[in-house]
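Below: one structure, written as structure tokens.
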Amino acid sequence: MDKSILDEILRQVTKPVRYMGNEYNMVEKDPSKVLIRFAFAFPDVYEVGMSHLGMKILYHLMNDREDTYCERVFAPWTDMEQLMREKGIPLFALESKDPIAEFDFVGFTLQYEMCYTNVINMLDLAGIPLRWWERNEHHPFVIAGGPCAYNVEPLADFFDLVVMGDGEEVINELLDAYRQWKIHGGRRQDFLVAAARIPGVYVPHFYSVEYNDDGTVRSIKPNREGIPAVIQKRVVKDLDKAYYPETMIVPYMDIVHDRVMLEVFRGCTRGCRFCQAGMIYRPVRERSVPRLMELAEKLINNTGYEELSLSSLSTSDYSDLENLVKQLMERFAPQKVSFSLPSLRIDSFARELVEEMIKVRKAGLTFAPEAGTQRLRDVINKGVTEEDLINSVRQAFELGWDTVKLYFMIGLPTETQEDLEGIADLARKVKSCYLDVTGGQRASRLRITVSVASFVPKPFTPFQWVAQDTVECMNQKIDFLKDKLRIKSVEFDWHDPRLSFLEAVFARGDRRLGEVLLRAWQMGCKFDSWAEHFKYDTWLKAFQDAGIDPGFYANRVRAKEEVLPWSHIDVGVTPSFLWREYQKALRGELTPDCRTRCWGCGITRLEGGLCQ
Amino acid sequence: MRLVVKYAKQDRVKYISHLDLMRTLHRALRRAGIPVAFSQGYNPQPRVAFAPPLSVGMTSQGEYMDVMLTSGMSPQEFCQRMNGVLPQGIAMLKAVAIDESFPSLMSMIERALYRISLNTSGLPIEGVLKDFLSRSDITITKRGKKGERIVNIRPMIHRLEIVDRDEQKVIMEAMLSAGGRESLNPGQLVHLLLESAGVVEGSCCLPDIHRLDMFLRKGNRWITPLELGEDDGCGQADCGGYSL
Ligand code: SF4
């Protein structure tokens with residue numbers, strides 16, 4: 001691209017650094033010397049996308065291949081988009097500034113449902129035909145991965161292929177297959193057929209979906225020979241042996257997670273019934289302390305970061321956490337590197353650990369009781385008691401903390417008014433605990449934030465069959481809470497229920513929703529997860545124009561027999577296990593952590609014996 | 001040990017803000033294994049201070065930072081190690097050890113010299129410049145914490161002249177006040193200059209602004225921060241011939 005035109009527009013946009021590239025550790029290759037050019041696309045702005053661990057892993061993994069140059073591309077903010085469209089600048093990759101339409105692959109990572117219009121917008125801005133059938137030999141293969149890829153049906157029209165599960169191995173197999181195809185030549189379809197034979201690769205248009213008269217799915221079947229009836233997700237068995245980058249790009253601008261991210265384990269054994277991540281990332285696989293220390297050493301030296309975070313779904317469950325934190329402190333405290341442990345679980349919140357952390361830096365504290373009463377916490381299998389919570393906050397207050405954030409969900413299955421009142425009760429108890437600890441001393445410094453999100457039933461969870469509350473109902477509950485939470489030192493904030501509603505529609509959507517996405521985008525929807533851009537009425541109009549009732553997807557209870565739109569995808573955890581968990585939920589029965597006992601979720605069928 | 005370091009911020013990184021640049025340099029110091037001193041307290045910060053910041057979009061060959069070390073290190077080694085771990089577009093040019101008792105760069109520096117390249121097709125720039133400089137009052141409204149105040153910026157322009165030109169462009173040099181006490185942004189200067197000629201600044205005439213160096217007063221001379229150095233006497237290239 002003409003650098004002077006780019007320079008001219010960068011002078012006029014907010015945060016030009018988003019489009020600049022040239023960060024330390026960015027990979028530079030001569031594009032003419034590689035066989036495969038891959039654009040790793042994150043359908044949100046730079047500072048969100050650059051915080052994503054999966055992208056960091058796959059970026060360096062692909063660039064370690066001599067035949068491949070992986071570059072990054074993010075959704076340009078609206079001011080940049082407008083100038084690009086005015087000057088006819090197609091969407092380009094940050095590294096080379098070349099248009100991504102010239103690449104071999106454009107790979108999107110799908111982290112949340114409300115980025116789908118950005119996917120379409122980015123394809124359009126790149127000048128790539130939107131639907132798979134409109135593309136030909138001159139166009140890149142548009143592919144996807146990430147948690148939303150497990151039910152990618154609403155986007156089935158837009159992707160040529162989709163990768164399920166851990167990407168570390170399958171991406172190399174895919175690139176190898178592409179290499180063969182590119183060297184030997186062939187039709188576009190030939191590559192897709194070859195790719196579809198790779199375990200974990202899903203080509204949506206190789207499957208035909210039929211519907212019943214009542215609008216539910218009748219069947220999903222392969223429409224050609226040699227294509228598996230069920231697509232099984234890929235699992236990396238041994239994380240110590242799995243690829244992990246020894247360097248990471250160091251952005252100039254402040255990004256959401258601006259630190260070294262050390263993935264200590266993948267998966268989660270807790271079995272919270274609302275949590276999709278807890279189901280789809282099974283089984284638990286840990287990295288060993290020596291391997292983590294080795295990686296930490298290299299990553300700190302190669303990036304110069306002043307902070308390191310131990311990341312996973314619930315880091316306090318790491319089997320050798322104390323030892324790890326001790327070793328990290330000993331090694332890095334002299335260098336003034338601080339640590340953050342996200343998703344600290346209140347029931348394993350070890351006081352000793354916190355005291356060690358605080359030596360280096362005082363971090364913010366959040367707790368996620370999720371529900372207001374013990375009964376409802378049992379329904380969702382959040383094995384945390386009020387006593388656990390109060391003990392944890394007490395310790396935090398004793399150590400000098402004055403602010404805590406409490407996360408809850410509303411609209412959980414079986415919820416009653418009592419459960420909502422329980423949220424306010426808990427907030428009040430946390431407050432009196434603080435007053436108790438401090439003897440009323442620093443009372444004016446106390447700040448408790450109660451943060452509430454509407455429950456979104458997700459596929460591949462025990463609640464995949466349940467109905468979401470309507471928007472009206474959720475609004476009533478929020479109003480109720482507003483009233484109950486008029487407590488001094490307590491702040492209340494909530495996630496827009498209309499957004500949760502659309503999330504629920506697309507999370508459990510089918511292929512017919514592709515039409516809605518296209519219409520919504522045509523009418524200007526993008527950056528939907530950004531409050532200032534969210535156009536709810538436009539979305540409703542898009543549903544209406546497409547003749548689709550969004551309530552059918554969000555607010556309807558599914559029967560056990562119903563063929564769910566994602567029933568041809570095998571994430572390891574079986575539908576029968578999920579159903580069992582659903583029934584136990586309705587009875588308020590707990591399923592304790594499967595580190596204590598195996599509950600037969602089905603994951604051991606993949607690659608065999610992973611949970612032994 | 002206290003080092004004053006001169007560095008360049010080139011075209012490839014001109015859009016990063018001062019805050020971004022600070023963060024970038026802090027991280028480069030750690031990568032380079034420089035024994036930087038840290039402040040005490042809960043949230044220890046590296047003891048690195050900066051000369052007056054450069055506006056986003058401008059380039060420079062005369063930026064300065066001031067680094068406190070816990071152990072000795074030769075200025076040459078400092079630059080070498082840093083240059084091995086910096087992103088393209090940031091380069092350490094020269095470092096000197098200075099007396100630890102000197103005040104901060106921010107409080108010592110009073111002037112900065114810029115090269116401004118401006119697209120002026122069709123504009124009688126000589127005349128515009130002459131008229132502009134002949135005014136004794138050029139006032140602007142500054143918005144600060146204490147509300148708005150009227151400031152005369154004319155005394156902050158110590159020199160403004162055309163040094164080169166071709167058909168489309170003029171190259172000017174401007175010596176302007178800079179630093180903690182009073183400072184004039186060269187971008188704003190160009191804006192005011194064009195405004196005085198009745199030109200509304202648009203994409204047609206966005207200037208390229210490049211900082212050449214910064215100066216502080218020593219007796220009755222102007223010196224660059226490098227000349228504070230213990231073994232770097234005046235009379236070298238850095239000293240320059242910039243008069244009051
Ligand atoms: S197989 Fe058993 S131990 Fe492993 S994740 Fe499933 S329930 Fe837990």
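Identifiers in the structure tokens: chain A, B, ... in order shown; residue index from 1 per chain; ligand index from 1 in order shown.
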- Message: Show me, as a PyMOL selection string, every residue of chain B with an atom at most 9 Å from chain A, counting only C-alpha atoms.
- Response: chain B and resi 12-13+15-17+19-21+23-24+26-33+38+42-45+57+85-89+203+206
Restricting the output to N, CA and C atoms, write the selected residues as an mmCIF file, in the first residue's frame.
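Writing the result to selection-v2.cif gives the following:
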```
data_model
loop_
_atom_site.group_PDB
_atom_site.id
_atom_site.type_symbol
_atom_site.label_atom_id
_atom_site.label_comp_id
_atom_site.auth_asym_id
_atom_site.auth_seq_id
_atom_site.Cartn_x
_atom_site.Cartn_y
_atom_site.Cartn_z
ATOM 1 N N ARG B 12 8.764 5.831 11.990
ATOM 2 C CA ARG B 12 7.985 4.609 12.246
ATOM 3 C C ARG B 12 7.256 4.626 13.572
ATOM 4 N N VAL B 13 7.695 5.459 14.487
ATOM 5 C CA VAL B 13 7.043 5.467 15.801
ATOM 6 C C VAL B 13 6.455 6.837 16.134
ATOM 7 N N TYR B 15 3.625 8.083 15.825
ATOM 8 C CA TYR B 15 2.261 8.157 16.356
ATOM 9 C C TYR B 15 2.116 7.652 17.781
ATOM 10 N N ILE B 16 3.206 7.190 18.366
ATOM 11 C CA ILE B 16 3.034 6.740 19.745
ATOM 12 C C ILE B 16 3.113 7.938 20.692
ATOM 13 N N SER B 17 2.278 7.922 21.705
ATOM 14 C CA SER B 17 2.184 9.052 22.625
ATOM 15 C C SER B 17 3.365 9.026 23.593
ATOM 16 N N LEU B 19 3.221 8.763 26.769
ATOM 17 C CA LEU B 19 2.992 7.698 27.743
ATOM 18 C C LEU B 19 3.412 6.336 27.167
ATOM 19 N N ASP B 20 3.037 6.100 25.911
ATOM 20 C CA ASP B 20 3.426 4.863 25.228
ATOM 21 C C ASP B 20 4.938 4.757 25.136
ATOM 22 N N LEU B 21 5.562 5.866 24.827
ATOM 23 C CA LEU B 21 7.016 5.874 24.673
ATOM 24 C C LEU B 21 7.698 5.560 26.000
ATOM 25 N N ARG B 23 6.472 3.833 28.490
ATOM 26 C CA ARG B 23 6.284 2.414 28.776
ATOM 27 C C ARG B 23 7.251 1.574 27.936
ATOM 28 N N THR B 24 7.374 1.959 26.669
ATOM 29 C CA THR B 24 8.242 1.225 25.759
ATOM 30 C C THR B 24 9.691 1.269 26.246
ATOM 31 N N HIS B 26 10.729 1.874 29.379
ATOM 32 C CA HIS B 26 10.850 1.121 30.633
ATOM 33 C C HIS B 26 11.074 -0.359 30.333
ATOM 34 N N ARG B 27 10.307 -0.865 29.392
ATOM 35 C CA ARG B 27 10.415 -2.293 29.069
ATOM 36 C C ARG B 27 11.732 -2.596 28.369
ATOM 37 N N ALA B 28 12.183 -1.670 27.541
ATOM 38 C CA ALA B 28 13.470 -1.880 26.872
ATOM 39 C C ALA B 28 14.591 -1.904 27.912
ATOM 40 N N LEU B 29 14.492 -1.065 28.929
ATOM 41 C CA LEU B 29 15.515 -1.049 29.983
ATOM 42 C C LEU B 29 15.596 -2.415 30.664
ATOM 43 N N ARG B 30 14.408 -3.035 30.876
ATOM 44 C CA ARG B 30 14.413 -4.348 31.516
ATOM 45 C C ARG B 30 14.991 -5.399 30.573
ATOM 46 N N ARG B 31 14.604 -5.341 29.314
ATOM 47 C CA ARG B 31 15.155 -6.302 28.344
ATOM 48 C C ARG B 31 16.665 -6.179 28.241
ATOM 49 N N ALA B 32 17.152 -4.949 28.313
ATOM 50 C CA ALA B 32 18.589 -4.715 28.148
ATOM 51 C C ALA B 32 19.362 -5.071 29.410
ATOM 52 N N GLY B 33 18.637 -5.367 30.486
ATOM 53 C CA GLY B 33 19.304 -5.695 31.736
ATOM 54 C C GLY B 33 20.046 -4.509 32.340
ATOM 55 N N PHE B 38 14.902 1.870 41.445
ATOM 56 C CA PHE B 38 13.450 1.971 41.569
ATOM 57 C C PHE B 38 13.083 2.834 42.754
ATOM 58 N N TYR B 42 4.831 0.930 47.797
ATOM 59 C CA TYR B 42 3.969 -0.155 47.340
ATOM 60 C C TYR B 42 4.108 -0.441 45.859
ATOM 61 N N ASN B 43 4.250 0.621 45.109
ATOM 62 C CA ASN B 43 4.229 0.478 43.672
ATOM 63 C C ASN B 43 5.526 1.042 43.101
ATOM 64 N N PRO B 44 6.633 0.295 43.256
ATOM 65 C CA PRO B 44 7.940 0.835 42.863
ATOM 66 C C PRO B 44 7.995 1.164 41.368
ATOM 67 N N GLN B 45 8.482 2.336 41.074
ATOM 68 C CA GLN B 45 8.587 2.756 39.676
ATOM 69 C C GLN B 45 10.055 2.979 39.322
ATOM 70 N N GLY B 57 2.777 12.471 16.399
ATOM 71 C CA GLY B 57 2.861 12.793 14.977
ATOM 72 C C GLY B 57 4.167 13.461 14.588
ATOM 73 N N VAL B 85 17.809 -3.799 21.785
ATOM 74 C CA VAL B 85 16.483 -4.300 22.202
ATOM 75 C C VAL B 85 15.363 -3.286 21.966
ATOM 76 N N LEU B 86 15.605 -2.317 21.093
ATOM 77 C CA LEU B 86 14.565 -1.306 20.854
ATOM 78 C C LEU B 86 13.802 -1.600 19.570
ATOM 79 N N PRO B 87 12.522 -1.231 19.558
ATOM 80 C CA PRO B 87 11.791 -1.379 18.301
ATOM 81 C C PRO B 87 12.372 -0.426 17.249
ATOM 82 N N GLN B 88 12.150 -0.740 15.992
ATOM 83 C CA GLN B 88 12.662 0.123 14.939
ATOM 84 C C GLN B 88 12.051 1.503 15.069
ATOM 85 N N GLY B 89 12.894 2.511 14.919
ATOM 86 C CA GLY B 89 12.387 3.883 14.989
ATOM 87 C C GLY B 89 12.763 4.586 16.272
ATOM 88 N N SER B 203 -5.883 18.897 5.249
ATOM 89 C CA SER B 203 -4.924 17.852 4.913
ATOM 90 C C SER B 203 -3.932 18.364 3.873
ATOM 91 N N LEU B 206 -0.760 19.939 6.068
ATOM 92 C CA LEU B 206 -0.303 19.455 7.361
ATOM 93 C C LEU B 206 1.221 19.483 7.395
#
```
Kindly compile the residues surrounding ligand 1 within 8 Å, counting only C-alpha atoms and all ligand atoms, and format them as an mmCIF file with all heavy atoms, in the first residue's frame.
```cif
data_model
loop_
_atom_site.group_PDB
_atom_site.id
_atom_site.type_symbol
_atom_site.label_atom_id
_atom_site.label_comp_id
_atom_site.auth_asym_id
_atom_site.auth_seq_id
_atom_site.Cartn_x
_atom_site.Cartn_y
_atom_site.Cartn_z
ATOM 1 N N CYS A 268 -11.026 -27.108 33.172
ATOM 2 C CA CYS A 268 -11.468 -26.772 34.517
ATOM 3 C C CYS A 268 -12.252 -27.951 35.050
ATOM 4 O O CYS A 268 -12.984 -28.607 34.316
ATOM 5 C CB CYS A 268 -12.357 -25.524 34.472
ATOM 6 S SG CYS A 268 -13.025 -25.031 36.069
ATOM 7 N N THR A 269 -12.057 -28.261 36.321
ATOM 8 C CA THR A 269 -12.700 -29.443 36.897
ATOM 9 C C THR A 269 -13.913 -29.102 37.745
ATOM 10 O O THR A 269 -14.519 -29.976 38.349
ATOM 11 C CB THR A 269 -11.709 -30.186 37.821
ATOM 12 O OG1 THR A 269 -11.150 -29.227 38.706
ATOM 13 C CG2 THR A 269 -10.626 -30.863 37.032
ATOM 14 N N GLY A 271 -16.934 -27.768 37.006
ATOM 15 C CA GLY A 271 -18.233 -28.197 36.510
ATOM 16 C C GLY A 271 -19.381 -27.247 36.794
ATOM 17 O O GLY A 271 -20.518 -27.684 37.002
ATOM 18 N N ARG A 282 -12.474 -29.014 28.486
ATOM 19 C CA ARG A 282 -12.035 -30.217 29.186
ATOM 20 C C ARG A 282 -11.141 -31.051 28.284
ATOM 21 O O ARG A 282 -11.269 -30.970 27.074
ATOM 22 C CB ARG A 282 -13.265 -31.053 29.601
ATOM 23 C CG ARG A 282 -13.965 -30.453 30.784
ATOM 24 C CD ARG A 282 -15.057 -31.376 31.250
ATOM 25 N NE ARG A 282 -15.861 -30.669 32.256
ATOM 26 C CZ ARG A 282 -16.509 -31.276 33.243
ATOM 27 N NH1 ARG A 282 -16.482 -32.588 33.362
ATOM 28 N NH2 ARG A 282 -17.214 -30.577 34.093
ATOM 29 N N PRO A 283 -10.300 -31.891 28.772
ATOM 30 C CA PRO A 283 -10.001 -32.113 30.181
ATOM 31 C C PRO A 283 -8.957 -31.123 30.692
ATOM 32 O O PRO A 283 -8.394 -30.369 29.916
ATOM 33 C CB PRO A 283 -9.400 -33.519 30.153
ATOM 34 C CG PRO A 283 -8.695 -33.577 28.846
ATOM 35 C CD PRO A 283 -9.546 -32.788 27.889
ATOM 36 N N VAL A 284 -8.711 -31.181 32.002
ATOM 37 C CA VAL A 284 -7.679 -30.340 32.584
ATOM 38 C C VAL A 284 -6.307 -30.882 32.205
ATOM 39 O O VAL A 284 -6.046 -32.074 32.305
ATOM 40 C CB VAL A 284 -7.811 -30.298 34.119
ATOM 41 C CG1 VAL A 284 -6.528 -29.785 34.761
ATOM 42 C CG2 VAL A 284 -8.969 -29.413 34.512
ATOM 43 N N VAL A 573 -17.443 -33.827 25.949
ATOM 44 C CA VAL A 573 -18.484 -33.974 26.953
ATOM 45 C C VAL A 573 -19.763 -34.400 26.226
ATOM 46 O O VAL A 573 -20.165 -33.772 25.254
ATOM 47 C CB VAL A 573 -18.679 -32.630 27.690
ATOM 48 C CG1 VAL A 573 -19.869 -32.679 28.605
ATOM 49 C CG2 VAL A 573 -17.412 -32.278 28.469
ATOM 50 N N ASP A 593 -16.294 -31.288 42.440
ATOM 51 C CA ASP A 593 -15.106 -31.164 41.589
ATOM 52 C C ASP A 593 -14.606 -32.535 41.152
ATOM 53 O O ASP A 593 -14.418 -33.430 41.981
ATOM 54 C CB ASP A 593 -14.018 -30.453 42.422
ATOM 55 C CG ASP A 593 -12.868 -29.984 41.564
ATOM 56 O OD1 ASP A 593 -12.416 -30.759 40.705
ATOM 57 O OD2 ASP A 593 -12.437 -28.837 41.765
ATOM 58 N N CYS A 594 -14.362 -32.708 39.850
ATOM 59 C CA CYS A 594 -13.966 -34.049 39.406
ATOM 60 C C CYS A 594 -12.498 -34.343 39.634
ATOM 61 O O CYS A 594 -11.985 -35.356 39.168
ATOM 62 C CB CYS A 594 -14.421 -34.334 37.979
ATOM 63 S SG CYS A 594 -13.912 -33.178 36.740
ATOM 64 N N ARG A 595 -11.810 -33.497 40.395
ATOM 65 C CA ARG A 595 -10.501 -33.922 40.888
ATOM 66 C C ARG A 595 -10.697 -34.955 42.016
ATOM 67 O O ARG A 595 -9.802 -35.732 42.329
ATOM 68 C CB ARG A 595 -9.712 -32.743 41.458
ATOM 69 C CG ARG A 595 -9.037 -31.914 40.393
ATOM 70 C CD ARG A 595 -8.374 -30.688 40.979
ATOM 71 N NE ARG A 595 -8.278 -29.645 39.977
ATOM 72 C CZ ARG A 595 -7.148 -29.300 39.351
ATOM 73 N NH1 ARG A 595 -6.029 -29.887 39.652
ATOM 74 N NH2 ARG A 595 -7.144 -28.360 38.445
ATOM 75 N N ARG A 597 -13.388 -37.117 42.094
ATOM 76 C CA ARG A 597 -14.010 -38.325 41.583
ATOM 77 C C ARG A 597 -14.477 -38.059 40.166
ATOM 78 O O ARG A 597 -14.972 -36.957 39.872
ATOM 79 C CB ARG A 597 -15.220 -38.614 42.489
ATOM 80 C CG ARG A 597 -15.954 -39.842 42.159
ATOM 81 C CD ARG A 597 -17.369 -39.892 42.609
ATOM 82 N NE ARG A 597 -18.103 -40.399 41.455
ATOM 83 C CZ ARG A 597 -19.344 -40.807 41.519
ATOM 84 N NH1 ARG A 597 -20.026 -40.736 42.646
ATOM 85 N NH2 ARG A 597 -19.936 -41.261 40.443
ATOM 86 N N CYS A 598 -14.334 -39.043 39.268
ATOM 87 C CA CYS A 598 -14.759 -38.854 37.882
ATOM 88 C C CYS A 598 -16.265 -39.039 37.768
ATOM 89 O O CYS A 598 -16.823 -39.980 38.311
ATOM 90 C CB CYS A 598 -14.042 -39.842 36.974
ATOM 91 S SG CYS A 598 -14.640 -39.776 35.275
ATOM 92 N N TRP A 599 -16.911 -38.128 37.040
ATOM 93 C CA TRP A 599 -18.365 -38.211 36.864
ATOM 94 C C TRP A 599 -18.758 -38.698 35.479
ATOM 95 O O TRP A 599 -19.917 -38.603 35.094
ATOM 96 C CB TRP A 599 -19.009 -36.848 37.167
ATOM 97 C CG TRP A 599 -18.733 -36.428 38.573
ATOM 98 C CD1 TRP A 599 -17.710 -35.645 39.003
ATOM 99 C CD2 TRP A 599 -19.455 -36.810 39.746
ATOM 100 N NE1 TRP A 599 -17.746 -35.509 40.365
ATOM 101 C CE2 TRP A 599 -18.818 -36.214 40.849
ATOM 102 C CE3 TRP A 599 -20.587 -37.619 39.978
ATOM 103 C CZ2 TRP A 599 -19.261 -36.385 42.166
ATOM 104 C CZ3 TRP A 599 -21.026 -37.777 41.280
ATOM 105 C CH2 TRP A 599 -20.367 -37.176 42.356
ATOM 106 N N GLY A 600 -17.758 -39.156 34.734
ATOM 107 C CA GLY A 600 -18.058 -39.762 33.434
ATOM 108 C C GLY A 600 -18.620 -38.807 32.407
ATOM 109 O O GLY A 600 -19.647 -39.084 31.789
ATOM 110 N N CYS A 601 -17.936 -37.676 32.224
ATOM 111 C CA CYS A 601 -18.482 -36.668 31.306
ATOM 112 C C CYS A 601 -18.299 -37.066 29.856
ATOM 113 O O CYS A 601 -18.920 -36.484 28.980
ATOM 114 C CB CYS A 601 -17.859 -35.305 31.564
ATOM 115 S SG CYS A 601 -16.144 -35.178 31.029
ATOM 116 N N GLY A 602 -17.399 -38.021 29.600
ATOM 117 C CA GLY A 602 -17.253 -38.479 28.227
ATOM 118 C C GLY A 602 -15.985 -38.008 27.542
ATOM 119 O O GLY A 602 -15.644 -38.485 26.459
ATOM 120 N N ILE A 603 -15.267 -37.109 28.151
ATOM 121 C CA ILE A 603 -14.102 -36.529 27.488
ATOM 122 C C ILE A 603 -13.020 -37.570 27.229
ATOM 123 O O ILE A 603 -12.231 -37.436 26.290
ATOM 124 C CB ILE A 603 -13.546 -35.339 28.317
ATOM 125 C CG1 ILE A 603 -12.470 -34.568 27.517
ATOM 126 C CG2 ILE A 603 -12.953 -35.773 29.641
ATOM 127 C CD1 ILE A 603 -13.016 -33.771 26.402
ATOM 128 N N THR A 604 -13.006 -38.628 28.040
ATOM 129 C CA THR A 604 -11.941 -39.623 27.884
ATOM 130 C C THR A 604 -12.008 -40.342 26.537
ATOM 131 O O THR A 604 -11.056 -40.989 26.142
ATOM 132 C CB THR A 604 -12.003 -40.679 29.001
ATOM 133 O OG1 THR A 604 -13.346 -41.130 29.102
ATOM 134 C CG2 THR A 604 -11.554 -40.127 30.324
ATOM 135 N N LEU A 610 -7.400 -39.373 28.910
ATOM 136 C CA LEU A 610 -6.798 -38.108 29.302
ATOM 137 C C LEU A 610 -6.976 -37.774 30.767
ATOM 138 O O LEU A 610 -6.216 -37.028 31.342
ATOM 139 C CB LEU A 610 -7.384 -36.974 28.460
ATOM 140 C CG LEU A 610 -6.779 -36.921 27.071
ATOM 141 C CD1 LEU A 610 -7.712 -36.226 26.120
ATOM 142 C CD2 LEU A 610 -5.439 -36.240 27.106
ATOM 143 N N CYS A 611 -8.029 -38.298 31.365
ATOM 144 C CA CYS A 611 -8.317 -37.892 32.728
ATOM 145 C C CYS A 611 -7.839 -38.912 33.746
ATOM 146 O O CYS A 611 -8.205 -38.844 34.900
ATOM 147 C CB CYS A 611 -9.811 -37.626 32.899
ATOM 148 S SG CYS A 611 -10.208 -35.908 32.583
ATOM 149 N N GLN A 612 -7.026 -39.864 33.315
ATOM 150 C CA GLN A 612 -6.622 -40.902 34.265
ATOM 151 C C GLN A 612 -5.631 -40.345 35.279
ATOM 152 O O GLN A 612 -4.761 -39.586 34.967
ATOM 153 C CB GLN A 612 -6.000 -42.090 33.523
ATOM 154 C CG GLN A 612 -6.902 -42.667 32.432
ATOM 155 C CD GLN A 612 -8.322 -42.905 32.892
ATOM 156 O OE1 GLN A 612 -8.535 -43.551 33.897
ATOM 157 N NE2 GLN A 612 -9.318 -42.380 32.168
#
```
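Nearest to Lys56 (chain A) of all the residues A:Asn223, A:Thr109, A:Glu322, A:Ile100 is A:Thr109, based on only C-alpha atoms.
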Running DSSP on the backbone, which parts of region 116-241 of chain B land in alpha helix (DSSP H), as a CSV table (one decimal) with N, CA and C atoms, in the first residue's frame?
```csv
chain,number,residue,atom,x,y,z
B,125,ILE,N,4.7,32.9,1.5
B,125,ILE,CA,5.1,32.6,2.9
B,125,ILE,C,6.0,33.6,3.5
B,126,GLU,N,7.0,34.2,2.7
B,126,GLU,CA,7.9,35.2,3.3
B,126,GLU,C,7.1,36.3,4.0
B,127,GLY,N,6.2,36.9,3.2
B,127,GLY,CA,5.4,38.0,3.7
B,127,GLY,C,4.6,37.6,4.9
B,128,VAL,N,3.9,36.5,4.8
B,128,VAL,CA,3.1,36.0,5.9
B,128,VAL,C,4.0,35.9,7.2
B,129,LEU,N,5.2,35.4,7.0
B,129,LEU,CA,6.0,35.2,8.2
B,129,LEU,C,6.5,36.5,8.8
B,130,LYS,N,6.8,37.4,7.9
B,130,LYS,CA,7.2,38.8,8.3
B,130,LYS,C,6.1,39.5,9.1
B,131,ASP,N,4.9,39.5,8.5
B,131,ASP,CA,3.8,40.1,9.2
B,131,ASP,C,3.6,39.5,10.6
B,132,PHE,N,3.6,38.2,10.6
B,132,PHE,CA,3.4,37.4,11.8
B,132,PHE,C,4.4,37.8,12.9
B,133,LEU,N,5.6,37.8,12.5
B,133,LEU,CA,6.6,38.1,13.5
B,133,LEU,C,6.7,39.6,13.9
B,134,SER,N,6.1,40.4,13.1
B,134,SER,CA,6.2,41.8,13.4
B,134,SER,C,5.2,42.2,14.5
B,186,PRO,N,5.0,23.6,18.5
B,186,PRO,CA,5.2,24.0,17.2
B,186,PRO,C,4.0,23.8,16.2
B,187,GLY,N,3.2,22.7,16.6
B,187,GLY,CA,2.0,22.5,15.8
B,187,GLY,C,1.1,23.7,15.9
B,188,GLN,N,1.0,24.2,17.1
B,188,GLN,CA,0.1,25.3,17.3
B,188,GLN,C,0.6,26.6,16.6
B,189,LEU,N,1.9,26.7,16.6
B,189,LEU,CA,2.6,27.8,16.0
B,189,LEU,C,2.2,27.8,14.5
B,190,VAL,N,2.3,26.7,13.8
B,190,VAL,CA,2.0,26.6,12.4
B,190,VAL,C,0.6,26.9,12.2
B,191,HIS,N,-0.3,26.4,13.1
B,191,HIS,CA,-1.7,26.7,13.0
B,191,HIS,C,-1.9,28.2,13.0
B,192,LEU,N,-1.3,28.9,13.9
B,192,LEU,CA,-1.5,30.3,14.1
B,192,LEU,C,-1.0,31.1,12.9
B,193,LEU,N,0.2,30.6,12.4
B,193,LEU,CA,0.8,31.2,11.3
B,193,LEU,C,-0.1,31.2,10.0
B,194,LEU,N,-0.6,30.0,9.8
B,194,LEU,CA,-1.5,29.8,8.6
B,194,LEU,C,-2.8,30.6,8.8
B,195,GLU,N,-3.3,30.6,10.1
B,195,GLU,CA,-4.5,31.3,10.4
B,195,GLU,C,-4.3,32.8,10.0
B,196,SER,N,-3.1,33.3,10.4
B,196,SER,CA,-2.9,34.7,10.1
B,196,SER,C,-2.9,35.0,8.6
```
